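Visitor: Sharing entry.cif here; it has mmCIF, C-alpha atoms and all ligand atoms.
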data_target
loop_
_atom_site.group_PDB
_atom_site.id
_atom_site.type_symbol
_atom_site.label_atom_id
_atom_site.label_comp_id
_atom_site.auth_asym_id
_atom_site.auth_seq_id
_atom_site.Cartn_x
_atom_site.Cartn_y
_atom_site.Cartn_z
ATOM 1 C CA MET A 1 87.585 143.591 65.083
ATOM 2 C CA THR A 2 88.076 146.994 63.564
ATOM 3 C CA THR A 3 91.276 148.549 62.322
ATOM 4 C CA ASN A 4 92.745 151.476 64.179
ATOM 5 C CA GLN A 5 92.262 155.005 63.080
ATOM 6 C CA LEU A 6 95.575 156.345 61.930
ATOM 7 C CA THR A 7 95.974 158.968 64.642
ATOM 8 C CA ASP A 8 99.239 159.420 66.468
ATOM 9 C CA THR A 9 99.372 161.458 69.683
ATOM 10 C CA TYR A 10 102.021 162.768 72.100
ATOM 11 C CA LEU A 11 100.962 159.999 74.444
ATOM 12 C CA HIS A 12 101.776 157.376 71.810
ATOM 13 C CA GLN A 13 105.067 159.107 71.025
ATOM 14 C CA GLY A 14 105.985 159.104 74.705
ATOM 15 C CA LEU A 15 105.216 155.403 75.002
ATOM 16 C CA ARG A 16 107.357 154.735 71.920
ATOM 17 C CA SER A 17 110.352 156.578 73.367
ATOM 18 C CA LYS A 18 109.945 154.478 76.489
ATOM 19 C CA LEU A 19 109.797 151.296 74.414
ATOM 20 C CA ALA A 20 112.969 152.268 72.509
ATOM 21 C CA LYS A 21 114.754 152.863 75.846
ATOM 22 C CA GLU A 22 113.539 149.503 77.134
ATOM 23 C CA LEU A 23 114.893 147.762 74.013
ATOM 24 C CA ALA A 24 118.246 149.532 74.449
ATOM 25 C CA GLU A 25 118.354 148.226 78.029
ATOM 26 C CA LYS A 26 117.628 144.730 76.718
ATOM 27 C CA GLY A 27 120.725 144.955 74.510
ATOM 28 C CA ILE A 28 119.717 146.574 71.217
ATOM 29 C CA THR A 29 122.584 148.902 70.256
ATOM 30 C CA ASP A 30 121.893 149.803 66.604
ATOM 31 C CA LYS A 31 120.774 153.453 66.807
ATOM 32 C CA ASN A 32 119.041 153.268 63.428
ATOM 33 C CA VAL A 33 116.892 150.380 64.674
ATOM 34 C CA LEU A 34 116.007 152.242 67.887
ATOM 35 C CA ASN A 35 115.184 155.409 65.933
ATOM 36 C CA ALA A 36 112.872 153.484 63.615
ATOM 37 C CA ILE A 37 111.083 151.900 66.618
ATOM 38 C CA GLU A 38 110.721 155.348 68.151
ATOM 39 C CA LYS A 39 109.314 156.815 64.949
ATOM 40 C CA LEU A 40 106.869 154.145 63.695
ATOM 41 C CA PRO A 41 103.380 154.083 65.309
ATOM 42 C CA ARG A 42 102.982 150.398 66.215
ATOM 43 C CA HIS A 43 99.367 150.949 67.277
ATOM 44 C CA PHE A 44 98.465 151.491 63.589
ATOM 45 C CA PHE A 45 99.235 147.796 63.014
ATOM 46 C CA LEU A 46 97.051 146.410 65.792
ATOM 47 C CA ASN A 47 93.355 145.894 66.159
ATOM 48 C CA THR A 48 91.710 148.470 68.428
ATOM 49 C CA ALA A 49 91.291 145.866 71.176
ATOM 50 C CA PHE A 50 95.078 145.928 71.655
ATOM 51 C CA THR A 51 95.776 149.639 71.097
ATOM 52 C CA LYS A 52 96.577 150.408 74.684
ATOM 53 C CA PHE A 53 99.109 147.585 74.805
ATOM 54 C CA ALA A 54 100.809 148.527 71.520
ATOM 55 C CA TYR A 55 103.961 149.798 73.227
ATOM 56 C CA GLU A 56 104.447 146.866 75.529
ATOM 57 C CA ASP A 57 107.237 144.553 74.476
ATOM 58 C CA LYS A 58 104.848 141.772 73.511
ATOM 59 C CA ALA A 59 103.524 139.910 70.469
ATOM 60 C CA PHE A 60 99.798 140.256 69.664
ATOM 61 C CA PRO A 61 97.317 138.456 67.425
ATOM 62 C CA ILE A 62 96.635 140.012 64.012
ATOM 63 C CA ALA A 63 94.339 138.490 61.352
ATOM 64 C CA ALA A 64 94.318 134.893 60.072
ATOM 65 C CA GLY A 65 95.632 133.378 63.318
ATOM 66 C CA GLN A 66 99.007 135.157 62.940
ATOM 67 C CA THR A 67 100.899 137.510 65.232
ATOM 68 C CA ILE A 68 102.749 140.816 65.091
ATOM 69 C CA SER A 69 106.206 139.990 66.452
ATOM 70 C CA GLN A 70 107.389 141.284 69.810
ATOM 71 C CA PRO A 71 109.276 144.615 69.397
ATOM 72 C CA TYR A 72 112.428 143.102 70.918
ATOM 73 C CA THR A 73 112.347 140.332 68.320
ATOM 74 C CA VAL A 74 111.809 142.830 65.484
ATOM 75 C CA ALA A 75 114.687 144.955 66.780
ATOM 76 C CA PHE A 76 116.964 141.932 67.329
ATOM 77 C CA GLN A 77 116.400 140.501 63.843
ATOM 78 C CA THR A 78 116.816 143.914 62.222
ATOM 79 C CA GLN A 79 120.025 144.573 64.137
ATOM 80 C CA LEU A 80 121.447 141.223 62.985
ATOM 81 C CA LEU A 81 120.877 142.275 59.373
ATOM 82 C CA GLU A 82 123.317 145.225 59.766
ATOM 83 C CA LEU A 83 121.145 147.174 57.387
ATOM 84 C CA LYS A 84 122.476 150.122 55.400
ATOM 85 C CA LYS A 85 120.463 152.771 53.532
ATOM 86 C CA GLY A 86 119.485 151.796 50.003
ATOM 87 C CA GLU A 87 119.940 148.051 50.497
ATOM 88 C CA LYS A 88 117.578 145.621 48.846
ATOM 89 C CA VAL A 89 115.830 143.464 51.423
ATOM 90 C CA LEU A 90 113.561 140.444 51.026
ATOM 91 C CA GLU A 91 111.191 139.826 53.934
ATOM 92 C CA ILE A 92 109.326 136.518 54.218
ATOM 93 C CA GLY A 93 106.124 136.899 56.270
ATOM 94 C CA THR A 94 104.684 140.401 55.815
ATOM 95 C CA GLY A 95 102.062 139.827 58.526
ATOM 96 C CA SER A 96 100.945 143.172 59.935
ATOM 97 C CA GLY A 97 103.568 145.056 57.906
ATOM 98 C CA TYR A 98 105.213 146.482 61.042
ATOM 99 C CA GLN A 99 108.618 144.905 60.360
ATOM 100 C CA THR A 100 108.322 145.920 56.699
ATOM 101 C CA CYS A 101 107.883 149.564 57.705
ATOM 102 C CA ILE A 102 110.776 149.407 60.188
ATOM 103 C CA LEU A 103 113.010 148.299 57.304
ATOM 104 C CA MET A 104 111.652 151.088 55.085
ATOM 105 C CA GLU A 105 112.161 153.687 57.820
ATOM 106 C CA MET A 106 115.805 152.586 57.814
ATOM 107 C CA GLY A 107 116.041 153.329 54.099
ATOM 108 C CA ALA A 108 115.782 149.787 52.699
ATOM 109 C CA LYS A 109 114.106 148.869 49.424
ATOM 110 C CA VAL A 110 111.754 146.170 50.640
ATOM 111 C CA PHE A 111 110.269 143.176 48.839
ATOM 112 C CA THR A 112 107.908 141.273 51.107
ATOM 113 C CA ILE A 113 105.982 138.009 50.732
ATOM 114 C CA GLU A 114 102.854 136.859 52.594
ATOM 115 C CA ARG A 115 101.045 133.557 52.059
ATOM 116 C CA GLN A 116 97.748 134.474 53.774
ATOM 117 C CA LYS A 117 95.473 136.293 51.339
ATOM 118 C CA GLU A 118 93.454 137.962 54.080
ATOM 119 C CA LEU A 119 96.554 139.461 55.679
ATOM 120 C CA PHE A 120 98.121 140.340 52.359
ATOM 121 C CA ASP A 121 95.056 142.398 51.360
ATOM 122 C CA LYS A 122 94.610 144.028 54.736
ATOM 123 C CA THR A 123 98.262 145.016 55.087
ATOM 124 C CA LYS A 124 98.560 146.256 51.505
ATOM 125 C CA ASN A 125 95.669 148.585 52.203
ATOM 126 C CA LEU A 126 97.081 149.800 55.541
ATOM 127 C CA LEU A 127 100.571 150.475 54.176
ATOM 128 C CA SER A 128 99.256 152.453 51.245
ATOM 129 C CA GLN A 129 97.118 154.540 53.646
ATOM 130 C CA MET A 130 100.269 155.177 55.679
ATOM 131 C CA GLY A 131 102.201 156.163 52.551
ATOM 132 C CA TYR A 132 104.587 153.187 52.427
ATOM 133 C CA ALA A 133 105.041 151.431 49.106
ATOM 134 C CA PRO A 134 107.083 148.252 49.482
ATOM 135 C CA LYS A 135 106.862 145.639 46.722
ATOM 136 C CA MET A 136 104.313 143.183 48.126
ATOM 137 C CA PHE A 137 103.736 139.621 46.943
ATOM 138 C CA TYR A 138 101.042 137.095 47.768
ATOM 139 C CA ASP A 139 103.038 133.890 47.482
ATOM 140 C CA ASP A 140 104.977 131.152 49.260
ATOM 141 C CA GLY A 141 108.183 132.571 50.717
ATOM 142 C CA TYR A 142 110.003 129.216 50.694
ATOM 143 C CA LYS A 143 110.825 129.944 47.036
ATOM 144 C CA GLY A 144 112.142 133.432 47.707
ATOM 145 C CA LEU A 145 111.729 135.878 44.837
ATOM 146 C CA GLU A 146 113.938 134.698 42.029
ATOM 147 C CA VAL A 147 113.039 137.435 39.503
ATOM 148 C CA PHE A 148 114.191 140.219 41.850
ATOM 149 C CA ALA A 149 117.253 138.428 43.264
ATOM 150 C CA PRO A 150 119.943 138.905 44.427
ATOM 151 C CA PHE A 151 119.226 140.646 47.746
ATOM 152 C CA ASP A 152 121.604 142.351 50.172
ATOM 153 C CA LYS A 153 119.629 141.035 53.110
ATOM 154 C CA ILE A 154 116.904 138.434 53.647
ATOM 155 C CA LEU A 155 114.742 138.316 56.765
ATOM 156 C CA VAL A 156 112.381 135.474 57.647
ATOM 157 C CA THR A 157 109.774 136.373 60.295
ATOM 158 C CA ALA A 158 108.201 132.922 60.783
ATOM 159 C CA GLY A 159 109.742 129.790 62.313
ATOM 160 C CA ALA A 160 111.255 127.615 59.556
ATOM 161 C CA PRO A 161 111.734 123.844 59.956
ATOM 162 C CA PHE A 162 114.901 124.144 57.813
ATOM 163 C CA ILE A 163 116.762 126.797 55.834
ATOM 164 C CA PRO A 164 115.228 126.993 52.332
ATOM 165 C CA GLU A 165 118.000 126.645 49.738
ATOM 166 C CA PRO A 166 116.557 129.325 47.360
ATOM 167 C CA LEU A 167 116.973 131.960 50.081
ATOM 168 C CA LYS A 168 120.706 131.221 50.368
ATOM 169 C CA GLU A 169 121.056 131.281 46.599
ATOM 170 C CA GLN A 170 119.204 134.592 46.295
ATOM 171 C CA LEU A 171 121.620 136.392 48.654
ATOM 172 C CA LYS A 172 124.368 138.610 47.248
ATOM 173 C CA VAL A 173 127.927 137.662 48.120
ATOM 174 C CA GLY A 174 128.512 139.657 51.324
ATOM 175 C CA GLY A 175 124.787 139.427 52.132
ATOM 176 C CA ARG A 176 123.107 138.274 55.337
ATOM 177 C CA LEU A 177 120.122 135.986 55.920
ATOM 178 C CA VAL A 178 118.392 136.048 59.311
ATOM 179 C CA ILE A 179 116.033 133.133 59.951
ATOM 180 C CA PRO A 180 114.526 131.480 63.040
ATOM 181 C CA VAL A 181 114.977 127.720 62.614
ATOM 182 C CA GLY A 182 113.292 124.923 64.548
ATOM 183 C CA GLN A 183 110.521 122.343 64.332
ATOM 184 C CA GLY A 184 108.863 122.889 67.705
ATOM 185 C CA GLU A 185 107.479 125.750 69.811
ATOM 186 C CA VAL A 186 110.785 127.602 69.908
ATOM 187 C CA GLN A 187 113.330 128.320 67.223
ATOM 188 C CA GLU A 188 116.983 129.263 67.147
ATOM 189 C CA MET A 189 117.866 132.560 65.488
ATOM 190 C CA ILE A 190 120.309 131.745 62.713
ATOM 191 C CA LEU A 191 122.475 134.210 60.801
ATOM 192 C CA ILE A 192 123.921 133.100 57.472
ATOM 193 C CA GLU A 193 126.635 135.244 55.937
ATOM 194 C CA LYS A 194 127.376 134.579 52.287
ATOM 195 C CA ARG A 195 131.116 134.760 51.664
ATOM 196 C CA GLY A 196 131.321 133.303 48.156
ATOM 197 C CA ALA A 197 129.065 131.826 45.457
ATOM 198 C CA SER A 198 128.548 128.728 47.594
ATOM 199 C CA GLU A 199 130.409 129.655 50.765
ATOM 200 C CA TYR A 200 128.352 130.381 53.866
ATOM 201 C CA ILE A 201 129.087 131.042 57.532
ATOM 202 C CA GLN A 202 126.349 130.114 59.973
ATOM 203 C CA THR A 203 126.064 131.427 63.551
ATOM 204 C CA GLN A 204 123.423 131.020 66.288
ATOM 205 C CA HIS A 205 121.851 133.897 68.208
ATOM 206 C CA GLY A 206 119.504 132.547 70.859
ATOM 207 C CA MET A 207 116.029 131.097 71.128
ATOM 208 C CA PHE A 208 112.819 132.836 70.021
ATOM 209 C CA ARG A 209 109.166 131.953 69.503
ATOM 210 C CA PHE A 210 107.512 132.434 66.091
ATOM 211 C CA VAL A 211 104.405 131.228 64.253
ATOM 212 C CA PRO A 212 105.416 128.523 61.748
ATOM 213 C CA LEU A 213 106.620 129.109 58.207
ATOM 214 C CA LEU A 214 104.066 127.096 56.215
ATOM 215 C CA THR A 215 104.209 125.948 52.616
ATOM 216 C CA GLU A 216 102.121 127.159 49.690
ATOM 217 C CA LYS A 217 99.572 129.965 49.531
ATOM 218 C CA ASN A 218 96.481 130.046 51.686
ATOM 219 C CA LYS A 219 93.250 131.809 50.775
ATOM 220 C CA SER A 220 91.760 131.593 54.272
ATOM 221 C CA HIS A 221 93.236 130.733 57.619
ATOM 222 C CA TYR A 222 92.550 127.036 57.543
HETATM 223 N N1 LIG B 1 106.784 140.475 60.080
HETATM 224 C C1 LIG B 1 105.483 140.274 60.649
HETATM 225 C C2 LIG B 1 105.435 139.002 61.462
HETATM 226 C C3 LIG B 1 104.199 138.233 61.161
HETATM 227 S S1 LIG B 1 104.148 136.575 61.747
HETATM 228 C C4 LIG B 1 105.024 141.474 61.446
HETATM 229 O O1 LIG B 1 105.827 142.369 61.717
HETATM 230 O O2 LIG B 1 103.836 141.570 61.769
HETATM 231 C C5 LIG B 1 104.751 135.662 60.357
HETATM 232 C C6 LIG B 1 104.010 135.803 59.066
HETATM 233 O O3 LIG B 1 104.578 134.860 58.138
HETATM 234 C C7 LIG B 1 102.528 135.461 59.121
HETATM 235 O O4 LIG B 1 101.798 136.537 58.613
HETATM 236 C C8 LIG B 1 102.384 134.228 58.225
HETATM 237 O O5 LIG B 1 101.165 134.163 57.525
HETATM 238 C C9 LIG B 1 103.561 134.399 57.282
HETATM 239 N N2 LIG B 1 104.026 133.186 56.611
HETATM 240 C C10 LIG B 1 104.055 131.917 57.101
HETATM 241 N N3 LIG B 1 104.555 131.064 56.180
HETATM 242 C C11 LIG B 1 104.849 131.818 55.073
HETATM 243 C C12 LIG B 1 105.386 131.523 53.782
HETATM 244 N N4 LIG B 1 105.728 130.290 53.413
HETATM 245 N N5 LIG B 1 105.548 132.545 52.910
HETATM 246 C C13 LIG B 1 105.208 133.818 53.241
HETATM 247 N N6 LIG B 1 104.695 134.156 54.439
HETATM 248 C C14 LIG B 1 104.514 133.177 55.346
#
Can the structure from this file be put into structure tokens for me?

Guide:
Amino acid sequence: MTTNQLTDTYLHQGLRSKLAKELAEKGITDKNVLNAIEKLPRHFFLNTAFTKFAYEDKAFPIAAGQTISQPYTVAFQTQLLELKKGEKVLEIGTGSGYQTCILMEMGAKVFTIERQKELFDKTKNLLSQMGYAPKMFYDDGYKGLEVFAPFDKILVTAGAPFIPEPLKEQLKVGGRLVIPVGQGEVQEMILIEKRGASEYIQTQHGMFRFVPLLTEKNKSHY
């Protein structure tokens, strides 16, 4: 499969406005999230085979057996973060880089980790072509990113069997961690708010479907 040419047209822009409206109807209220969805060409992140579906509210396959999350899921997770300009965000699961760019469009300083080498390389190349320069790491996100901690916000974009302790530790007091948690096909969206050095409040925000958060780095997809 070939990568898309980076051409954005009025047609694409129109479809994006429609998608943003659809997400608002589905309950997304954060205007900054909706603006970022409206601005960022999602078709740049998909293989050409899926270009014409890029603005449907659906997940699609990317490389290495992974998926680009459904726009509603991206918007929902981002809204839960309550992101403010200039905040330092750690994303686990770079994947296509779409979520990374949404965070950057909203003014975040993004650190993002991907464990699949193939995806890491591909996405690094795409984002630099698009002019985005997040700090990208090829590593296992279960460990977080100790050297750059603490973070205002942490976002996990793969289904975790449990909440990794380092991620809680690497949050600032007042920070928020958004993570889908569950062992099976579906996961519960969990928000952790850090209220003190070891004081956390945990709330649940509905069921979602993610690819699994796997351990260690992987040079190929198997
Ligand atoms: N945010 C992405 C979603 C990609 S799907 C997007 O917008 O496209 C989840 C991603 O998490 C996959 O790319 C998968 O390879 C990655 N992943 C899974 N386990 C991981 C881990 N332990 N550390 C880092 N990334 C991981």

Visitor: Residues contacting ligand LIG 1 (chain B) - anything with an atom at most 8 Å away, using only C-alpha atoms and all ligand atoms - can you give me those as a PyMOL selection string?

Guide: chain A and resi 45+62+64+66-69+74+91-100+113-116+119+138-142+156-159+210-217

Visitor: Residues picked by the PyMOL selection byres (((chain A and resi 202) around 8) and not hetatm) here, as number ranges by chain?

Guide: A: 190-193, 200-201, 203-204

Visitor: Would you mind exporting the chosen residues as an mmCIF file, keeping the file's coordinate frame, restricted to C-alpha atoms?

Guide:
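Listed below is the output, again-v4.cif:
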data_model
loop_
_atom_site.group_PDB
_atom_site.id
_atom_site.type_symbol
_atom_site.label_atom_id
_atom_site.label_comp_id
_atom_site.auth_asym_id
_atom_site.auth_seq_id
_atom_site.Cartn_x
_atom_site.Cartn_y
_atom_site.Cartn_z
ATOM 1 C CA ILE A 190 120.309 131.745 62.713
ATOM 2 C CA LEU A 191 122.475 134.210 60.801
ATOM 3 C CA ILE A 192 123.921 133.100 57.472
ATOM 4 C CA GLU A 193 126.635 135.244 55.937
ATOM 5 C CA TYR A 200 128.352 130.381 53.866
ATOM 6 C CA ILE A 201 129.087 131.042 57.532
ATOM 7 C CA THR A 203 126.064 131.427 63.551
ATOM 8 C CA GLN A 204 123.423 131.020 66.288
#

Visitor: On this structure, which residues satisfy the PyMOL selection byres (((chain A and resi 88) around 9) and not hetatm), written as a VMD selection string?

Guide: chain A and resid 86 to 87 89 to 90 108 to 111 150 to 154

Visitor: Which one of A:Glu118, A:Arg16, A:Glu105, A:Pro61 sits closest to Ala49 of chain A if you count all atoms listed in the file?

Guide: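 Between A:Glu118, A:Arg16, A:Glu105, A:Pro61, the residue approaching Ala49 of chain A most closely is A:Pro61.
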
Visitor: Just checking: using all atoms listed in the file, which residue out of A:Ala133, A:Asp8, A:Pro71, A:Ala54 ends up closest to Glu22 of chain A?

Guide: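 Checking each of A:Ala133, A:Asp8, A:Pro71, A:Ala54 against Glu22 of chain A, counting all atoms listed in the file, the winner is A:Pro71.
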